[in-house]
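S.K.: Have a look at this one before I ask anything.
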Amino acid sequence: MRVQVAIIGAGPSGLLLGAKLHQAGVDAIVIEQRSADYVLGRIRAGVLEQGTVDMMDSLGLGARMHAEGLVHGGFNLGYRNSHHRIDLHALTGKDVMVYGQTELTRDLMDARAQWGAKTVYEAEHVHIHGFDGSTPSVTYTKDGKTHEIQCDYIAGCDGYHGVSRASVPSSSIKAYERVYPFGWLGVLADVPPVAHELIYSNHERGFALCSMRSKTRSRYYIQCALDDKVDNWSDQAFWDELRRRLDPEAAASMVTGPSIEKSIAPLRSFVAEPMRFGRLFLVGDAAHIVPPTGAKGLNLAASDVHYLAHGLVEHYQEKSAAGLDAYSGRALRRVWKAVRFSWWFTSLMHKFPEGGEFGQKIQEAEIDYLLGSQAAMTSLAENYVGLPYEV
């Protein structure tokens, strides 16, 4: 098969890129190693920046998001047994949208099926070839047969553990990484959220986050040790610990129930540079990982897609390489700003035992300053709703 662009990975970044290219008449195929059901079963992010919402709208795919998603004009910081609202809309004029990554992925999958766009699921032994030359290709095995896709460009949208970044010679790529000394124990439950908007809680027992996927489904997290095990936590033990880390008002209004999903996620910051290698482009988690504090992972993938789709469409419609040549630099400038914000917000809200008493006092002073300064709250709000894309 011959296409213009081969997209590796059918997560949000791959499907978003596929949709943007389809809209512009660029011939692309999406190749995914997992099944469609597996992709939809992944529990991930749920807070969308305005730029991500606008992208779905521009594709004509925002109807269900607007009908079922929750528009939030602010969020709460829990601190010293009370919570303080950060008014995003008043500070920036922008809001965020709570809409689960699973739902956004479903919308993109359904659209791709409706369009009849080329997608391959359960592709085994995926390999990419020749991206350092002029004739790149992708091979994979499906139903016992080997297939080859010849293309002009390859978009590596297959995540941190995918084949795309792993195919780049180590001498050509530089990785920057920070591994945090704790994880998040997360629970998904069909219970109403504890509050209308998210609560990020800084507590002496550790960080907690009260989030949601809808008005009837909640997503909660507590900071835990890296070597902790899900089996150590019954549902009741989780609810009891979460309640301890919230202010009295929030704790009293919390509704508990059986967990649908429970998992522990380690926290890390990771960036690979550059994001282009000849005719291979890295997109989303294939190039960068951020701690979930601040909800930047999915939104960074969307901004990567914005830049890469612009470059590819410009190449095919205007015969210009300017957008593709600028892709890595443009994407990385926004990536590093989001990495900085996620690192700062993580440092602000979590307990770092190695920081000692001095570190604790600095953290308390930082929060006190933030909550008393319009300028500091505006900076937080600007980063939280999402920095603008470069033109």
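If you're wondering about the labels, chains in the structure tokens are A, B, ... by order shown, residues count from 1 in each chain, ligands from 1 in order shown.
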Give me, as JSON lines, each residue of region 252-350 of chain A that comes within 9 Å of region 224-238 of chain A, together with its shortest interatomic pair and the distance in Å at one decimal, counting only C-alpha atoms, with rows ordered by chain and rising residue number.

M.R.:
{"residue": "A:Thr256", "atom": "CA", "partner": "A:Gln236", "partner_atom": "CA", "distance": 8.5}
{"residue": "A:Gly257", "atom": "CA", "partner": "A:Asp235", "partner_atom": "CA", "distance": 7.9}
{"residue": "A:Pro258", "atom": "CA", "partner": "A:Asp235", "partner_atom": "CA", "distance": 6.6}
{"residue": "A:Ser259", "atom": "CA", "partner": "A:Asp235", "partner_atom": "CA", "distance": 6.6}
{"residue": "A:Lys262", "atom": "CA", "partner": "A:Val230", "partner_atom": "CA", "distance": 7.0}
{"residue": "A:Ser263", "atom": "CA", "partner": "A:Val230", "partner_atom": "CA", "distance": 6.1}
{"residue": "A:Ile264", "atom": "CA", "partner": "A:Val230", "partner_atom": "CA", "distance": 6.6}
{"residue": "A:Ala265", "atom": "CA", "partner": "A:Leu226", "partner_atom": "CA", "distance": 8.5}
{"residue": "A:Pro266", "atom": "CA", "partner": "A:Leu226", "partner_atom": "CA", "distance": 6.6}
{"residue": "A:Leu267", "atom": "CA", "partner": "A:Leu226", "partner_atom": "CA", "distance": 9.0}

S.K.: My list of candidates is A:Val305, A:Met1, A:Leu77, A:Val339. Which is closest to Cys210 (chain A) when distances are computed with only C-alpha atoms?

M.R.: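 Between A:Val305, A:Met1, A:Leu77, A:Val339, the residue approaching Cys210 (chain A) most closely is A:Leu77.
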
S.K.: Based on the backbone DSSP call, show me all residues of region 133-199 of chain A assigned strand (DSSP E or B), as a VMD selection string.

M.R.: chain A and resid 137 to 142 145 to 150 153 to 156 174 to 189 199

S.K.: Residues at most 10 Å from Ile8 (chain A), counting only C-alpha atoms, excluding those fewer than 5 positions away in the same chain, as a PDB file with C-alpha atoms, in the first residue's frame?

M.R.:
ATOM      1  CA  SER A  13      -2.499  11.943  19.157  1.00  0.00           C
ATOM      2  CA  GLY A  14      -2.588   9.477  16.252  1.00  0.00           C
ATOM      3  CA  LEU A  15      -6.338   9.768  15.791  1.00  0.00           C
ATOM      4  CA  ILE A  29      -3.224   5.341   7.488  1.00  0.00           C
ATOM      5  CA  VAL A  30      -3.274   4.671  11.243  1.00  0.00           C
ATOM      6  CA  ILE A  31      -1.509   1.504  12.442  1.00  0.00           C
ATOM      7  CA  GLU A  32      -2.128   0.307  16.002  1.00  0.00           C
ATOM      8  CA  GLN A  33      -0.609  -2.735  17.711  1.00  0.00           C
ATOM      9  CA  VAL A 120      -5.334  -1.188  11.113  1.00  0.00           C
ATOM     10  CA  VAL A 126       5.461  -3.163  13.595  1.00  0.00           C
ATOM     11  CA  HIS A 127       8.759  -1.823  12.246  1.00  0.00           C
ATOM     12  CA  ILE A 128       9.653   1.449  10.578  1.00  0.00           C
ATOM     13  CA  VAL A 138       6.310   0.603   7.717  1.00  0.00           C
ATOM     14  CA  ILE A 154       5.974   8.625   9.385  1.00  0.00           C
ATOM     15  CA  ALA A 155       4.310  10.096  12.477  1.00  0.00           C
ATOM     16  CA  GLY A 156       5.306   8.266  15.653  1.00  0.00           C
ATOM     17  CA  CYS A 157       2.244   8.591  17.900  1.00  0.00           C
ATOM     18  CA  ASP A 158       2.759   5.299  19.732  1.00  0.00           C
ATOM     19  CA  GLY A 159       3.637   6.476  23.223  1.00  0.00           C
ATOM     20  CA  GLY A 162       6.405   2.504  21.303  1.00  0.00           C
ATOM     21  CA  VAL A 163       8.589   1.478  18.398  1.00  0.00           C
ATOM     22  CA  SER A 164       8.973   4.970  16.923  1.00  0.00           C
ATOM     23  CA  LEU A 282       7.606  12.057  17.200  1.00  0.00           C
ATOM     24  CA  VAL A 283       4.266  13.172  18.616  1.00  0.00           C
TER      25      VAL A 283
END

S.K.: Figure out the distance between CA of His83 (chain A) and CA of Ser201 (chain A), please, to one decimal in Å.

M.R.: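 That distance, rounded to one decimal, is 8.0 Å.
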
S.K.: A:Lys215, A:Arg112, A:Lys361, A:His315: which is nearest Lys20 (chain A), counting only C-alpha atoms?

M.R.: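 Using only C-alpha atoms, Lys20 (chain A) sits closest to A:Arg112.
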
S.K.: Would you list, as JSON, numbers by chain, the residues of region 59-230 of chain A that end up in helix (DSSP H, G or I) under DSSP run on this structure's backbone?

M.R.: {"A": [63, 64, 65, 66, 67, 68, 88, 89, 90, 91, 92, 101, 102, 103, 104, 105, 106, 107, 108, 109, 110, 111, 112, 113, 114, 115, 163, 164, 165, 166, 170, 171, 172, 230]}
